[in-house]
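*Asks:* Structure file model.pdb (PDB, C-alpha atoms, pLDDT in the B column) right here:
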ATOM      1  CA  MET V  10    -101.005  62.141 -45.480  1.00 96.00           C
ATOM      2  CA  LYS V  11    -102.316  64.078 -48.488  1.00 98.00           C
ATOM      3  CA  VAL V  12    -102.012  67.859 -48.384  1.00 98.00           C
ATOM      4  CA  SER V  13    -103.387  70.357 -50.889  1.00 98.00           C
ATOM      5  CA  ILE V  14    -102.064  73.891 -50.682  1.00 98.00           C
ATOM      6  CA  LEU V  15    -104.218  76.531 -52.340  1.00 98.00           C
ATOM      7  CA  GLY V  16    -104.265  80.286 -52.240  1.00 96.00           C
ATOM      8  CA  LEU V  17    -103.332  83.591 -53.716  1.00 95.00           C
ATOM      9  CA  SER V  18    -100.123  84.182 -55.672  1.00 88.00           C
ATOM     10  CA  GLY V  19     -97.292  85.348 -53.460  1.00 87.00           C
ATOM     11  CA  SER V  20     -98.704  83.945 -50.230  1.00 92.00           C
ATOM     12  CA  GLY V  21     -95.994  81.300 -49.871  1.00 92.00           C
ATOM     13  CA  LYS V  22     -97.702  78.185 -51.263  1.00 94.00           C
ATOM     14  CA  SER V  23     -94.596  76.739 -52.904  1.00 92.00           C
ATOM     15  CA  THR V  24     -92.341  77.390 -49.925  1.00 93.00           C
ATOM     16  CA  LEU V  25     -94.826  75.762 -47.576  1.00 97.00           C
ATOM     17  CA  ALA V  26     -95.310  72.828 -49.951  1.00 96.00           C
ATOM     18  CA  LYS V  27     -91.562  72.173 -50.103  1.00 95.00           C
ATOM     19  CA  TYR V  28     -91.274  72.408 -46.332  1.00 96.00           C
ATOM     20  CA  LEU V  29     -94.136  69.967 -45.712  1.00 97.00           C
ATOM     21  CA  SER V  30     -92.888  67.584 -48.378  1.00 97.00           C
ATOM     22  CA  ASP V  31     -89.448  67.501 -46.755  1.00 95.00           C
ATOM     23  CA  ARG V  32     -90.751  67.250 -43.175  1.00 96.00           C
ATOM     24  CA  LEU V  33     -93.366  64.596 -43.934  1.00 96.00           C
ATOM     25  CA  HIS V  34     -91.260  62.729 -46.523  1.00 97.00           C
ATOM     26  CA  LEU V  35     -93.991  63.008 -49.142  1.00 98.00           C
ATOM     27  CA  PRO V  36     -93.748  63.429 -52.915  1.00 98.00           C
ATOM     28  CA  LEU V  37     -94.404  66.971 -54.083  1.00 97.00           C
ATOM     29  CA  LEU V  38     -96.148  68.258 -57.179  1.00 96.00           C
ATOM     30  CA  TYR V  39     -95.946  71.926 -58.121  1.00 94.00           C
ATOM     31  CA  LEU V  40     -98.872  72.664 -60.424  1.00 94.00           C
ATOM     32  CA  ASP V  41     -97.005  75.594 -61.986  1.00 87.00           C
ATOM     33  CA  GLN V  42     -94.548  72.995 -63.344  1.00 86.00           C
ATOM     34  CA  VAL V  43     -97.490  71.076 -64.751  1.00 91.00           C
ATOM     35  CA  HIS V  44     -99.236  74.103 -66.273  1.00 86.00           C
ATOM     36  CA  PHE V  45     -96.158  75.703 -67.845  1.00 82.00           C
ATOM     37  CA  SER V  46     -93.383  74.197 -69.902  1.00 77.00           C
ATOM     38  CA  GLU V  47     -90.093  75.917 -70.656  1.00 76.00           C
ATOM     39  CA  ASN V  48     -90.152  79.717 -71.016  1.00 71.00           C
ATOM     40  CA  TRP V  49     -93.667  80.116 -69.608  1.00 71.00           C
ATOM     41  CA  ILE V  50     -95.338  78.238 -72.474  1.00 79.00           C
ATOM     42  CA  GLU V  51     -98.688  76.864 -71.305  1.00 83.00           C
ATOM     43  CA  ARG V  52     -99.207  73.138 -71.741  1.00 86.00           C
ATOM     44  CA  SER V  53    -102.474  71.855 -73.097  1.00 91.00           C
ATOM     45  CA  ASP V  54    -105.101  71.265 -70.427  1.00 90.00           C
ATOM     46  CA  ALA V  55    -105.313  67.615 -71.509  1.00 93.00           C
ATOM     47  CA  ASP V  56    -101.569  67.027 -71.049  1.00 92.00           C
ATOM     48  CA  ALA V  57    -101.492  68.847 -67.722  1.00 92.00           C
ATOM     49  CA  ALA V  58    -104.568  67.023 -66.428  1.00 93.00           C
ATOM     50  CA  ALA V  59    -103.036  63.692 -67.441  1.00 95.00           C
ATOM     51  CA  THR V  60     -99.857  64.572 -65.537  1.00 94.00           C
ATOM     52  CA  VAL V  61    -101.811  65.343 -62.370  1.00 96.00           C
ATOM     53  CA  ALA V  62    -103.918  62.184 -62.711  1.00 95.00           C
ATOM     54  CA  ALA V  63    -100.745  60.107 -63.140  1.00 96.00           C
ATOM     55  CA  PHE V  64     -99.219  61.697 -60.021  1.00 97.00           C
ATOM     56  CA  LEU V  65    -102.335  60.947 -57.956  1.00 97.00           C
ATOM     57  CA  SER V  66    -102.281  57.336 -59.161  1.00 96.00           C
ATOM     58  CA  ALA V  67     -98.558  56.933 -58.543  1.00 97.00           C
ATOM     59  CA  TYR V  68     -98.763  58.119 -54.928  1.00 97.00           C
ATOM     60  CA  PRO V  69    -102.006  56.818 -53.422  1.00 96.00           C
ATOM     61  CA  ASP V  70    -100.646  56.888 -49.860  1.00 96.00           C
ATOM     62  CA  GLY V  71     -99.627  60.511 -49.639  1.00 97.00           C
ATOM     63  CA  TRP V  72     -98.454  63.653 -51.356  1.00 98.00           C
ATOM     64  CA  VAL V  73     -98.253  67.424 -51.209  1.00 98.00           C
ATOM     65  CA  ILE V  74     -99.730  69.390 -54.118  1.00 98.00           C
ATOM     66  CA  ASP V  75     -99.079  73.112 -54.504  1.00 96.00           C
ATOM     67  CA  GLY V  76    -101.466  75.147 -56.612  1.00 93.00           C
ATOM     68  CA  ASN V  77    -105.034  75.947 -57.501  1.00 92.00           C
ATOM     69  CA  TYR V  78    -105.615  75.023 -61.169  1.00 87.00           C
ATOM     70  CA  GLN V  79    -109.200  73.844 -60.930  1.00 90.00           C
ATOM     71  CA  MET V  80    -109.043  72.150 -64.332  1.00 88.00           C
ATOM     72  CA  TYR V  81    -106.535  69.570 -63.067  1.00 90.00           C
ATOM     73  CA  SER V  82    -108.334  66.957 -60.915  1.00 93.00           C
ATOM     74  CA  PHE V  83    -109.373  69.684 -58.473  1.00 94.00           C
ATOM     75  CA  ALA V  84    -112.355  67.887 -56.945  1.00 95.00           C
ATOM     76  CA  GLU V  85    -110.445  64.615 -56.771  1.00 96.00           C
ATOM     77  CA  ARG V  86    -107.460  66.303 -55.077  1.00 96.00           C
ATOM     78  CA  LEU V  87    -109.607  68.032 -52.488  1.00 97.00           C
ATOM     79  CA  GLU V  88    -111.710  64.957 -51.797  1.00 97.00           C
ATOM     80  CA  ALA V  89    -108.571  62.857 -51.282  1.00 97.00           C
ATOM     81  CA  SER V  90    -106.795  65.472 -49.150  1.00 98.00           C
ATOM     82  CA  ASP V  91    -106.431  64.925 -45.441  1.00 98.00           C
ATOM     83  CA  ARG V  92    -105.595  68.600 -45.078  1.00 98.00           C
ATOM     84  CA  ILE V  93    -106.311  71.616 -47.274  1.00 98.00           C
ATOM     85  CA  ILE V  94    -104.331  74.747 -46.494  1.00 98.00           C
ATOM     86  CA  ILE V  95    -105.507  77.983 -48.093  1.00 98.00           C
ATOM     87  CA  LEU V  96    -103.141  80.964 -47.989  1.00 98.00           C
ATOM     88  CA  LEU V  97    -105.006  84.274 -48.327  1.00 97.00           C
ATOM     89  CA  PHE V  98    -102.522  87.019 -47.539  1.00 95.00           C
ATOM     90  CA  PRO V  99    -103.454  90.680 -48.160  1.00 94.00           C
ATOM     91  CA  ARG V 100    -102.538  92.266 -51.506  1.00 92.00           C
ATOM     92  CA  LEU V 101     -99.700  94.450 -50.246  1.00 90.00           C
ATOM     93  CA  SER V 102     -98.127  91.611 -48.272  1.00 91.00           C
ATOM     94  CA  ARG V 103     -98.154  89.454 -51.386  1.00 91.00           C
ATOM     95  CA  LEU V 104     -96.769  92.267 -53.515  1.00 89.00           C
ATOM     96  CA  PHE V 105     -93.904  92.793 -51.061  1.00 89.00           C
ATOM     97  CA  ARG V 106     -93.194  89.041 -50.986  1.00 85.00           C
ATOM     98  CA  LEU V 107     -93.160  88.894 -54.787  1.00 81.00           C
ATOM     99  CA  ILE V 108     -90.808  91.855 -55.101  1.00 82.00           C
ATOM    100  CA  ARG V 109     -88.498  90.188 -52.584  1.00 80.00           C
ATOM    101  CA  ARG V 110     -88.751  86.900 -54.528  1.00 71.00           C
ATOM    102  CA  ARG V 111     -88.014  88.705 -57.806  1.00 73.00           C
ATOM    103  CA  ILE V 112     -84.862  90.201 -56.311  1.00 73.00           C
ATOM    104  CA  ARG V 113     -83.778  86.910 -54.756  1.00 73.00           C
ATOM    105  CA  TYR V 114     -84.255  84.884 -57.941  1.00 63.00           C
ATOM    106  CA  HIS V 115     -83.186  87.524 -60.484  1.00 65.00           C
ATOM    107  CA  GLY V 116     -81.968  85.670 -63.565  1.00 66.00           C
ATOM    108  CA  ARG V 117     -82.616  82.286 -61.974  1.00 60.00           C
ATOM    109  CA  VAL V 118     -85.393  79.724 -62.048  1.00 50.00           C
ATOM    110  CA  ARG V 119     -87.183  78.725 -58.860  1.00 64.00           C
ATOM    111  CA  GLU V 120     -87.579  75.028 -58.045  1.00 67.00           C
ATOM    112  CA  SER V 121     -91.360  75.319 -58.218  1.00 65.00           C
ATOM    113  CA  VAL V 122     -91.549  76.332 -61.893  1.00 59.00           C
ATOM    114  CA  ALA V 123     -90.530  74.682 -65.151  1.00 59.00           C
ATOM    115  CA  PRO V 124     -86.988  74.983 -66.523  1.00 65.00           C
ATOM    116  CA  GLY V 125     -86.424  78.215 -68.403  1.00 61.00           C
ATOM    117  CA  CYS V 126     -89.145  80.069 -66.506  1.00 54.00           C
ATOM    118  CA  SER V 127     -87.048  82.883 -65.069  1.00 63.00           C
ATOM    119  CA  GLU V 128     -88.582  84.947 -62.307  1.00 65.00           C
ATOM    120  CA  ARG V 129     -90.613  87.835 -63.670  1.00 69.00           C
ATOM    121  CA  LEU V 130     -92.606  90.726 -62.345  1.00 71.00           C
ATOM    122  CA  ASP V 131     -94.237  92.476 -65.281  1.00 76.00           C
ATOM    123  CA  PHE V 132     -97.389  94.585 -65.568  1.00 82.00           C
ATOM    124  CA  ALA V 133     -99.626  91.570 -66.320  1.00 81.00           C
ATOM    125  CA  PHE V 134     -98.386  89.734 -63.232  1.00 78.00           C
ATOM    126  CA  LEU V 135     -98.737  92.832 -61.058  1.00 80.00           C
ATOM    127  CA  ARG V 136    -102.320  93.185 -62.278  1.00 85.00           C
ATOM    128  CA  TRP V 137    -102.903  89.522 -61.390  1.00 81.00           C
ATOM    129  CA  ILE V 138    -101.488  90.027 -57.886  1.00 84.00           C
ATOM    130  CA  LEU V 139    -103.335  93.233 -57.107  1.00 83.00           C
ATOM    131  CA  LEU V 140    -106.639  92.770 -58.963  1.00 85.00           C
ATOM    132  CA  ASP V 141    -107.516  89.736 -61.044  1.00 87.00           C
ATOM    133  CA  GLY V 142    -105.970  87.078 -58.827  1.00 85.00           C
ATOM    134  CA  CYS V 143    -108.084  88.136 -55.866  1.00 90.00           C
ATOM    135  CA  ALA V 144    -111.276  89.096 -57.679  1.00 92.00           C
ATOM    136  CA  PRO V 145    -114.547  88.365 -55.848  1.00 94.00           C
ATOM    137  CA  ALA V 146    -115.322  85.236 -57.897  1.00 91.00           C
ATOM    138  CA  ARG V 147    -111.891  83.817 -57.142  1.00 92.00           C
ATOM    139  CA  MET V 148    -112.223  84.559 -53.443  1.00 95.00           C
ATOM    140  CA  GLU V 149    -115.643  82.918 -53.512  1.00 96.00           C
ATOM    141  CA  SER V 150    -114.053  79.737 -54.870  1.00 95.00           C
ATOM    142  CA  PHE V 151    -111.861  79.570 -51.764  1.00 97.00           C
ATOM    143  CA  ARG V 152    -114.879  80.164 -49.511  1.00 97.00           C
ATOM    144  CA  LEU V 153    -116.700  77.319 -51.267  1.00 97.00           C
ATOM    145  CA  VAL V 154    -113.788  74.950 -50.652  1.00 98.00           C
ATOM    146  CA  ALA V 155    -113.753  75.923 -46.973  1.00 98.00           C
ATOM    147  CA  ALA V 156    -117.520  75.415 -46.712  1.00 98.00           C
ATOM    148  CA  ARG V 157    -117.406  72.037 -48.453  1.00 98.00           C
ATOM    149  CA  TYR V 158    -114.487  70.671 -46.411  1.00 98.00           C
ATOM    150  CA  PRO V 159    -114.706  72.421 -43.027  1.00 97.00           C
ATOM    151  CA  ASP V 160    -112.911  69.623 -41.166  1.00 97.00           C
ATOM    152  CA  LYS V 161    -109.965  69.636 -43.582  1.00 98.00           C
ATOM    153  CA  VAL V 162    -109.446  73.327 -44.317  1.00 98.00           C
ATOM    154  CA  GLN V 163    -107.104  75.697 -42.548  1.00 98.00           C
ATOM    155  CA  ILE V 164    -107.084  79.288 -43.786  1.00 98.00           C
ATOM    156  CA  ILE V 165    -103.896  81.269 -43.223  1.00 98.00           C
ATOM    157  CA  LYS V 166    -104.238  85.049 -43.580  1.00 97.00           C
ATOM    158  CA  ASN V 167    -100.898  86.440 -42.422  1.00 96.00           C
ATOM    159  CA  GLN V 168     -97.282  85.639 -41.618  1.00 94.00           C
ATOM    160  CA  ARG V 169     -97.973  85.100 -37.904  1.00 96.00           C
ATOM    161  CA  GLU V 170    -100.492  82.362 -38.709  1.00 97.00           C
ATOM    162  CA  LEU V 171     -98.138  80.841 -41.283  1.00 97.00           C
ATOM    163  CA  ASP V 172     -95.282  80.811 -38.771  1.00 96.00           C
ATOM    164  CA  ALA V 173     -97.540  78.987 -36.293  1.00 96.00           C
ATOM    165  CA  LEU V 174     -98.292  76.364 -38.948  1.00 96.00           C
ATOM    166  CA  TYR V 175     -94.584  75.880 -39.631  1.00 95.00           C
ATOM    167  CA  ARG V 176     -94.012  75.373 -35.894  1.00 94.00           C
ATOM    168  CA  LEU V 177     -96.623  72.596 -35.839  1.00 92.00           C
ATOM    169  CA  PHE V 178     -94.563  70.579 -38.283  1.00 88.00           C
ATOM    170  CA  ARG V 179     -91.152  71.221 -36.728  1.00 85.00           C
ATOM    171  CA  ASN V 180     -91.632  68.609 -34.039  1.00 65.00           C
TER     172      ASN V 180
END
Would you write out, as structure tokens, the structure that this file holds?
*Replies:*
Amino acid sequence: MKVSILGLSGSGKSTLAKYLSDRLHLPLLYLDQVHFSENWIERSDADAAATVAAFLSAYPDGWVIDGNYQMYSFAERLEASDRIIILLFPRLSRLFRLIRRRIRYHGRVRESVAPGCSERLDFAFLRWILLDGCAPARMESFRLVAARYPDKVQIIKNQRELDALYRLFRN
């Protein structure tokens, strides 16, 4: 099985990706680890794209990929996916989740990011969460994915729906 997890920051993409990877025994790629190197330094698009392409080639039978990053084999990932999960939680829910995550990982690095990328919640990231990350053009990109792959896409808009998805994979 090949699963792509897309969505808005703070919706739980990485947590869901880890859960599905563990439950389905599939290799996992966090695109934040591909995009950033140590201390939040952005990798070149060419290097990051090559990393994603190598991952797709190395695991032709199945994987879980967490993240949007349209410049990294996006069309190929979606086309190959058996399931595309899009997490679109409301702004305030995501903000609350990110504050909770910031407290939980204070001074530590989450598994889903590169080494040295300590958890942060600064003004630029808050702006991304509340405004830029859910701008109309960005939301339209998710609608286009859903329209192009209607048989593969599941849109999750709240914790109740996410909990139901988790229950599906518990058995």
*Asks:* Looking at V:Tyr81, V:Trp137, V:Phe98, V:Phe105, which one is nearest to Gln168 of chain V, with distances taken over only C-alpha atoms?
*Replies:* V:Phe98
*Asks:* Apply the PyMOL selection byres ((chain V and resi 75) around 8) to the file shown and report the selected residues as a PyMOL selection string.
*Replies:* chain V and resi 13-15+22-23+26+37-40+73-74+76-77
*Asks:* Which value, in Å to one decimal, gives the distance between atom CA of Leu140 of chain V and atom CA of Ser90 of chain V?
*Replies:*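 Between atom CA of Leu140 of chain V and atom CA of Ser90 of chain V the gap works out to 29.0 Å.
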*Asks:* Find, counting all atoms listed in the file, the residue in V:Ala89, V:Cys143, V:Ala58, V:Val43 that gets nearest to Lys161 of chain V.
*Replies:*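 Using all atoms listed in the file, Lys161 of chain V sits closest to V:Ala89.
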*Asks:* Compile the contact shell of Glu51 of chain V as a list in words: residues with an atom at most 12 Å away, counting only C-alpha atoms, same-chain residues fewer than 3 positions apart removed.
*Replies:*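 Here the qualifying residues turn out to be Leu40, Asp41, Gln42, Val43, His44, Phe45, Ser46, Glu47, Asn48, Asp54, Ala55, Asp56, Ala57, Val122, Ala123 and Cys126 of chain V.
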*Asks:* From (-103.2, 91.1, -56.9), in the file's coordinates, out to 12 Å: which residues are reached, counting only C-alpha atoms? Answer as a PyMOL selection string.
*Replies:* chain V and resi 16-20+97-107+130+132-145+147-148
*Asks:* Rounded to one decimal, what separation in Å do you get between atom CA of Gln79 of chain V and atom CA of Val61 of chain V?
*Replies:*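 These two atoms are separated by 11.4 Å.
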*Asks:* What is the atom CA of Ala62 of chain V-atom CA of Val12 of chain V distance in Å, reported with one decimal?
*Replies:*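 Between atom CA of Ala62 of chain V and atom CA of Val12 of chain V the gap works out to 15.5 Å.
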*Asks:* What's the 12 Å shell around Arg157 of chain V, counting all atoms listed in the file, without same-chain residues fewer than 6 positions away, as a list in words?
*Replies:* Ala84, Leu87, Glu88, Ile93, Ser150 and Phe151 of chain V
*Asks:* Give me, as a PDB file with C-alpha atoms, in the frame of the given file, all polymer residues having an atom no more than 7 Å from Val162 of chain V, counting all atoms listed in the file and skipping those fewer than 3 positions away in the same chain.
*Replies:*
ATOM      1  CA  ARG V  92    -105.595  68.600 -45.078  1.00 98.00           C
ATOM      2  CA  ILE V  93    -106.311  71.616 -47.274  1.00 98.00           C
ATOM      3  CA  ILE V  94    -104.331  74.747 -46.494  1.00 98.00           C
ATOM      4  CA  ALA V 155    -113.753  75.923 -46.973  1.00 98.00           C
ATOM      5  CA  TYR V 158    -114.487  70.671 -46.411  1.00 98.00           C
ATOM      6  CA  PRO V 159    -114.706  72.421 -43.027  1.00 97.00           C
TER       7      PRO V 159
END
*Asks:* Grab all the atoms of segment 37-54 of chain V that the file lists, wrap them in a box along x, y and z, add 3 Å per side, and give me centre plus edge lengths in Å (one decimal) as lines of an AutoDock Vina configuration file.
*Replies:*
center_x = -97.6
center_y = 73.5
center_z = -63.6
size_x = 21.0
size_y = 19.1
size_z = 25.0
